[in-house]
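The file run_17.cif contains mmCIF, C-alpha atoms; chains and numbers go by the auth columns:
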data_structure
#
loop_
_atom_site.group_PDB
_atom_site.id
_atom_site.type_symbol
_atom_site.label_atom_id
_atom_site.label_comp_id
_atom_site.label_asym_id
_atom_site.label_seq_id
_atom_site.Cartn_x
_atom_site.Cartn_y
_atom_site.Cartn_z
_atom_site.B_iso_or_equiv
_atom_site.auth_seq_id
_atom_site.auth_asym_id
ATOM 1 C CA MET A 1 -2.013 -3.324 10.481 0.00 7 Y
ATOM 2 C CA ASP A 2 -3.479 -4.487 13.744 0.00 8 Y
ATOM 3 C CA GLU A 3 -2.136 -4.851 17.284 0.00 9 Y
ATOM 4 C CA ILE A 4 -0.689 -8.292 16.503 0.00 10 Y
ATOM 5 C CA ASP A 5 1.362 -6.804 13.646 0.00 11 Y
ATOM 6 C CA HIS A 6 2.569 -4.091 16.037 0.00 12 Y
ATOM 7 C CA LYS A 7 3.601 -6.717 18.606 0.00 13 Y
ATOM 8 C CA LEU A 8 5.504 -8.658 15.944 0.00 14 Y
ATOM 9 C CA LEU A 9 7.272 -5.500 14.747 0.00 15 Y
ATOM 10 C CA ARG A 10 8.221 -4.582 18.339 0.00 16 Y
ATOM 11 C CA ALA A 11 9.658 -8.076 18.883 0.00 17 Y
ATOM 12 C CA LEU A 12 11.648 -7.909 15.625 0.00 18 Y
ATOM 13 C CA GLN A 13 12.945 -4.410 16.424 0.00 19 Y
ATOM 14 C CA ARG A 14 14.217 -5.690 19.779 0.00 20 Y
ATOM 15 C CA ASN A 15 15.836 -8.701 18.110 0.00 21 Y
ATOM 16 C CA SER A 16 15.523 -9.353 14.391 0.00 22 Y
ATOM 17 C CA ARG A 17 16.559 -12.965 15.066 0.00 23 Y
ATOM 18 C CA CYS A 18 13.660 -13.509 17.456 0.00 24 Y
ATOM 19 C CA PRO A 19 12.435 -17.077 16.907 0.00 25 Y
ATOM 20 C CA ILE A 20 9.055 -17.458 15.219 0.00 26 Y
ATOM 21 C CA LYS A 21 8.001 -19.832 17.991 0.00 27 Y
ATOM 22 C CA SER A 22 8.705 -17.194 20.639 0.00 28 Y
ATOM 23 C CA MET A 23 6.735 -14.565 18.728 0.00 29 Y
ATOM 24 C CA SER A 24 3.852 -16.976 18.151 0.00 30 Y
ATOM 25 C CA GLN A 25 3.585 -17.548 21.913 0.00 31 Y
ATOM 26 C CA GLU A 26 3.701 -13.790 22.547 0.00 32 Y
ATOM 27 C CA VAL A 27 0.797 -13.083 20.172 0.00 33 Y
ATOM 28 C CA SER A 28 -1.142 -16.362 20.680 0.00 34 Y
ATOM 29 C CA LEU A 29 -0.980 -17.430 17.031 0.00 35 Y
ATOM 30 C CA SER A 30 0.472 -20.491 15.335 0.00 36 Y
ATOM 31 C CA SER A 31 4.002 -20.334 13.939 0.00 37 Y
ATOM 32 C CA PRO A 32 2.720 -20.552 10.310 0.00 38 Y
ATOM 33 C CA ALA A 33 0.321 -17.638 10.977 0.00 39 Y
ATOM 34 C CA VAL A 34 3.153 -15.530 12.408 0.00 40 Y
ATOM 35 C CA SER A 35 5.385 -16.393 9.437 0.00 41 Y
ATOM 36 C CA ALA A 36 2.622 -15.403 7.022 0.00 42 Y
ATOM 37 C CA ARG A 37 2.130 -12.070 8.794 0.00 43 Y
ATOM 38 C CA ILE A 38 5.860 -11.322 8.697 0.00 44 Y
ATOM 39 C CA GLU A 39 6.018 -12.226 4.997 0.00 45 Y
ATOM 40 C CA ARG A 40 3.060 -9.884 4.346 0.00 46 Y
ATOM 41 C CA LEU A 41 4.799 -7.050 6.238 0.00 47 Y
ATOM 42 C CA GLU A 42 7.906 -7.661 4.106 0.00 48 Y
ATOM 43 C CA ARG A 43 5.909 -7.654 0.835 0.00 49 Y
ATOM 44 C CA GLN A 44 4.181 -4.415 1.861 0.00 50 Y
ATOM 45 C CA GLY A 45 7.571 -2.797 2.463 0.00 51 Y
ATOM 46 C CA ILE A 46 6.864 -2.185 6.145 0.00 52 Y
ATOM 47 C CA ILE A 47 9.765 -4.491 7.005 0.00 53 Y
ATOM 48 C CA ARG A 48 12.548 -3.280 4.692 0.00 54 Y
ATOM 49 C CA GLY A 49 15.255 -5.630 5.901 0.00 55 Y
ATOM 50 C CA TYR A 50 17.097 -7.111 8.833 0.00 56 Y
ATOM 51 C CA THR A 51 20.307 -5.559 10.108 0.00 57 Y
ATOM 52 C CA LEU A 52 23.144 -6.254 12.476 0.00 58 Y
ATOM 53 C CA ASP A 53 24.054 -3.851 15.295 0.00 59 Y
ATOM 54 C CA VAL A 54 27.865 -3.843 15.478 0.00 60 Y
ATOM 55 C CA ASP A 55 29.835 -2.037 18.203 0.00 61 Y
ATOM 56 C CA PRO A 56 32.117 0.387 16.298 0.00 62 Y
ATOM 57 C CA LEU A 57 34.522 0.661 19.259 0.00 63 Y
ATOM 58 C CA GLN A 58 35.142 -3.101 19.161 0.00 64 Y
ATOM 59 C CA LEU A 59 36.138 -2.651 15.506 0.00 65 Y
ATOM 60 C CA GLY A 60 38.520 0.227 16.232 0.00 66 Y
ATOM 61 C CA HIS A 61 36.197 3.023 15.116 0.00 67 Y
ATOM 62 C CA HIS A 62 36.623 5.475 17.980 0.00 68 Y
ATOM 63 C CA ILE A 63 35.272 8.557 16.174 0.00 69 Y
ATOM 64 C CA LEU A 64 31.569 9.014 15.470 0.00 70 Y
ATOM 65 C CA ALA A 65 30.724 12.359 13.888 0.00 71 Y
ATOM 66 C CA TYR A 66 27.952 14.302 12.232 0.00 72 Y
ATOM 67 C CA ILE A 67 28.943 16.556 9.362 0.00 73 Y
ATOM 68 C CA ASN A 68 26.721 19.313 8.035 0.00 74 Y
ATOM 69 C CA LEU A 69 27.359 20.157 4.388 0.00 75 Y
ATOM 70 C CA ASP A 70 26.108 23.277 2.637 0.00 76 Y
ATOM 71 C CA MET A 71 26.126 22.690 -1.095 0.00 77 Y
ATOM 72 C CA THR A 72 24.301 24.024 -4.103 0.00 78 Y
ATOM 73 C CA PRO A 73 21.679 21.847 -5.802 0.00 79 Y
ATOM 74 C CA ASN A 74 23.790 21.585 -8.970 0.00 80 Y
ATOM 75 C CA GLU A 75 26.426 19.646 -6.950 0.00 81 Y
ATOM 76 C CA LYS A 76 23.985 16.831 -6.087 0.00 82 Y
ATOM 77 C CA PRO A 77 24.509 14.715 -9.242 0.00 83 Y
ATOM 78 C CA LYS A 78 28.248 14.522 -8.488 0.00 84 Y
ATOM 79 C CA PHE A 79 27.850 14.368 -4.693 0.00 85 Y
ATOM 80 C CA ILE A 80 25.419 11.436 -4.386 0.00 86 Y
ATOM 81 C CA PRO A 81 27.627 8.825 -6.130 0.00 87 Y
ATOM 82 C CA PHE A 82 30.636 10.124 -4.171 0.00 88 Y
ATOM 83 C CA ILE A 83 28.970 9.901 -0.744 0.00 89 Y
ATOM 84 C CA ALA A 84 27.418 6.504 -1.534 0.00 90 Y
ATOM 85 C CA SER A 85 30.883 5.131 -2.325 0.00 91 Y
ATOM 86 C CA VAL A 86 32.450 6.080 1.042 0.00 92 Y
ATOM 87 C CA PRO A 87 32.251 3.022 3.337 0.00 93 Y
ATOM 88 C CA ASN A 88 32.640 5.091 6.520 0.00 94 Y
ATOM 89 C CA VAL A 89 29.427 6.999 5.799 0.00 95 Y
ATOM 90 C CA ILE A 90 26.740 5.421 7.974 0.00 96 Y
ATOM 91 C CA GLU A 91 23.947 7.716 6.872 0.00 97 Y
ATOM 92 C CA CYS A 92 23.386 10.747 4.662 0.00 98 Y
ATOM 93 C CA ASN A 93 20.236 12.837 4.776 0.00 99 Y
ATOM 94 C CA CYS A 94 19.030 15.823 2.762 0.00 100 Y
ATOM 95 C CA VAL A 95 17.782 18.260 5.426 0.00 101 Y
ATOM 96 C CA THR A 96 16.225 21.672 5.911 0.00 102 Y
ATOM 97 C CA GLY A 97 17.955 24.595 7.568 0.00 103 Y
ATOM 98 C CA ALA A 98 21.309 26.289 7.128 0.00 104 Y
ATOM 99 C CA TYR A 99 22.882 23.145 5.650 0.00 105 Y
ATOM 100 C CA SER A 100 21.573 20.892 2.910 0.00 106 Y
ATOM 101 C CA MET A 101 23.074 17.536 3.957 0.00 107 Y
ATOM 102 C CA LEU A 102 23.608 15.820 7.307 0.00 108 Y
ATOM 103 C CA ILE A 103 26.157 13.020 7.160 0.00 109 Y
ATOM 104 C CA LYS A 104 26.860 10.493 9.924 0.00 110 Y
ATOM 105 C CA VAL A 105 30.315 8.893 9.759 0.00 111 Y
ATOM 106 C CA SER A 106 32.478 6.518 11.776 0.00 112 Y
ATOM 107 C CA TYR A 107 36.298 6.568 11.626 0.00 113 Y
ATOM 108 C CA PRO A 108 39.165 4.991 13.550 0.00 114 Y
ATOM 109 C CA SER A 109 40.925 8.346 14.028 0.00 115 Y
ATOM 110 C CA THR A 110 40.492 12.097 13.762 0.00 116 Y
ATOM 111 C CA GLN A 111 43.181 12.117 11.073 0.00 117 Y
ATOM 112 C CA GLU A 112 41.046 9.903 8.830 0.00 118 Y
ATOM 113 C CA LEU A 113 37.977 12.016 9.601 0.00 119 Y
ATOM 114 C CA ASP A 114 39.941 15.157 8.710 0.00 120 Y
ATOM 115 C CA SER A 115 41.014 13.616 5.400 0.00 121 Y
ATOM 116 C CA PHE A 116 37.397 12.771 4.551 0.00 122 Y
ATOM 117 C CA ILE A 117 36.236 16.296 5.441 0.00 123 Y
ATOM 118 C CA GLY A 118 38.901 17.633 3.100 0.00 124 Y
ATOM 119 C CA GLN A 119 37.410 15.557 0.272 0.00 125 Y
ATOM 120 C CA LEU A 120 33.903 16.622 1.233 0.00 126 Y
ATOM 121 C CA GLN A 121 34.754 20.328 1.056 0.00 127 Y
ATOM 122 C CA GLN A 122 34.958 20.138 -2.730 0.00 128 Y
ATOM 123 C CA PHE A 123 31.142 20.142 -2.566 0.00 129 Y
ATOM 124 C CA GLY A 124 30.716 23.043 -0.133 0.00 130 Y
ATOM 125 C CA LYS A 125 31.120 24.372 3.391 0.00 131 Y
ATOM 126 C CA THR A 126 31.145 21.862 6.261 0.00 132 Y
ATOM 127 C CA GLU A 127 30.569 21.953 10.003 0.00 133 Y
ATOM 128 C CA THR A 128 31.429 18.895 12.093 0.00 134 Y
ATOM 129 C CA GLN A 129 30.317 17.652 15.500 0.00 135 Y
ATOM 130 C CA ILE A 130 32.188 14.751 17.102 0.00 136 Y
ATOM 131 C CA VAL A 131 30.060 12.560 19.390 0.00 137 Y
ATOM 132 C CA PHE A 132 31.285 12.202 22.986 0.00 138 Y
ATOM 133 C CA SER A 133 28.550 9.792 24.114 0.00 139 Y
ATOM 134 C CA SER A 134 25.132 8.510 23.088 0.00 140 Y
ATOM 135 C CA PRO A 135 22.768 8.411 26.069 0.00 141 Y
ATOM 136 C CA VAL A 136 19.978 7.233 23.727 0.00 142 Y
ATOM 137 C CA PRO A 137 21.423 4.866 21.114 0.00 143 Y
ATOM 138 C CA PRO A 138 19.653 4.161 17.803 0.00 144 Y
ATOM 139 C CA ARG A 139 16.406 2.322 18.373 0.00 145 Y
ATOM 140 C CA GLY A 140 13.317 1.199 16.535 0.00 146 Y
ATOM 141 C CA ILE A 141 10.196 3.167 15.710 0.00 147 Y
ATOM 142 C CA ALA A 142 7.704 3.500 18.586 0.00 148 Y
ATOM 143 C CA LEU A 143 4.642 1.375 17.825 0.00 149 Y
#

Translate this file's structure into structure tokens.
Amino acid sequence: MDEIDHKLLRALQRNSRCPIKSMSQEVSLSSPAVSARIERLERQGIIRGYTLDVDPLQLGHHILAYINLDMTPNEKPKFIPFIASVPNVIECNCVTGAYSMLIKVSYPSTQELDSFIGQLQQFGKTETQIVFSSPVPPRGIAL
């Protein structure tokens, strides 16, 4: 990867619908050359996909929370299909520390969050933090 690839990745992280023509002007390459570079970055797995940033509040999801789950390793085979099937789970990470999983969820209400936590407790002890605000929202990787 060179500086041109980094510039292209920065442009796509800002706006994954950035026009090829705009990026080609930014990096002083032809549109076909920019397209070829992007295709190469996709083939190499550096670009894994293109996503949409949706405002959860506009969709009625007023509760964003992080749930720590402490579970034993023998629960994982049952847990992973369960957590993957829950549409309100935004992210689930296996982590170090006092808990083994960190789960990010979005729900319309605390009642629905509470119901989910009840289901989750079949796998182990939980601790939940509800987000009040996000002064630094999710963003791309620094290049």

If you count all atoms listed in the file, the residue of Y:Thr102, Y:Asn74, Y:Ser112, Y:Ser139 closest to Val60 in chain Y turns out to be Y:Ser112

List as a ChimeraX atom specification the protein and nucleic acid residues near range 43-56 of chain Y, meaning an atom at most 8 Å away when only C-alpha atoms are counted, but skip any in the same chain fewer than 2 places from it. /Y:11,14,22,39-41,58

Measuring atom to atom with only C-alpha atoms, identify which of Y:Pro25, Y:Gly130, Y:Pro87, Y:Pro141 is nearest to Ile73 in chain Y.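 Going through Y:Pro25, Y:Gly130, Y:Pro87, Y:Pro141 one by one, the smallest distance to Ile73 in chain Y is for Y:Gly130.
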
Would you mind reading off the distance between CA of Gln117 in chain Y and CA of Ala71 in chain Y, one decimal, in Å? 12.8 Å

Name the residues captured by the PyMOL selection byres ((chain Y and resi 96) around 7) when it is applied to the shown file; answer as an MDAnalysis selection string. chainID Y and resid 94:95 97 110:112

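If you measure from each of Y:Met29, Y:Leu35, Y:Met107, Y:Val137 to Lys82 in chain Y using only C-alpha atoms, the closest one turns out to be Y:Met107.
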
In Å, rounded to a single decimal, give me how far CA of Leu65 in chain Y is from CA of Gln128 in chain Y. 29.2 Å

To one decimal place in Å, what is the distance between CA of Ile69 in chain Y and CA of Pro114 in chain Y? 5.9 Å

Applied to the shown file, which residues does the PyMOL selection byres ((chain Y and resi 33) around 12) return, written as a list in words?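 Going through the file, the PyMOL selection byres ((chain Y and resi 33) around 12) ends up selecting Asp8, Glu9, Ile10, Asp11, His12, Lys13, Leu14, Leu15, Arg16, Ala17, Ile26, Lys27, Ser28, Met29, Ser30, Gln31, Glu32, Ser34, Leu35, Ser36, Ser37, Ala39, Val40 and Arg43 of chain Y.
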
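Counting all atoms listed in the file, the residue from Y:Val101, Y:Ser140, Y:Gly146, Y:Ser106 that sits nearest to Thr78 in chain Y is Y:Ser106.
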
For a cut-off of 12 Å around (36.2, 15.2, 0.1), file coordinates, pick out all residues using only C-alpha atoms and list them as an MDAnalysis selection string. chainID Y and resid 73 75 84:85 88:89 91:92 118:132

Using all atoms listed in the file, which residue out of Y:Tyr72, Y:Ala42, Y:Thr134, Y:Arg145 lies closest to Cys98 in chain Y?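 For Cys98 in chain Y, the nearest of the given residues is Y:Tyr72.
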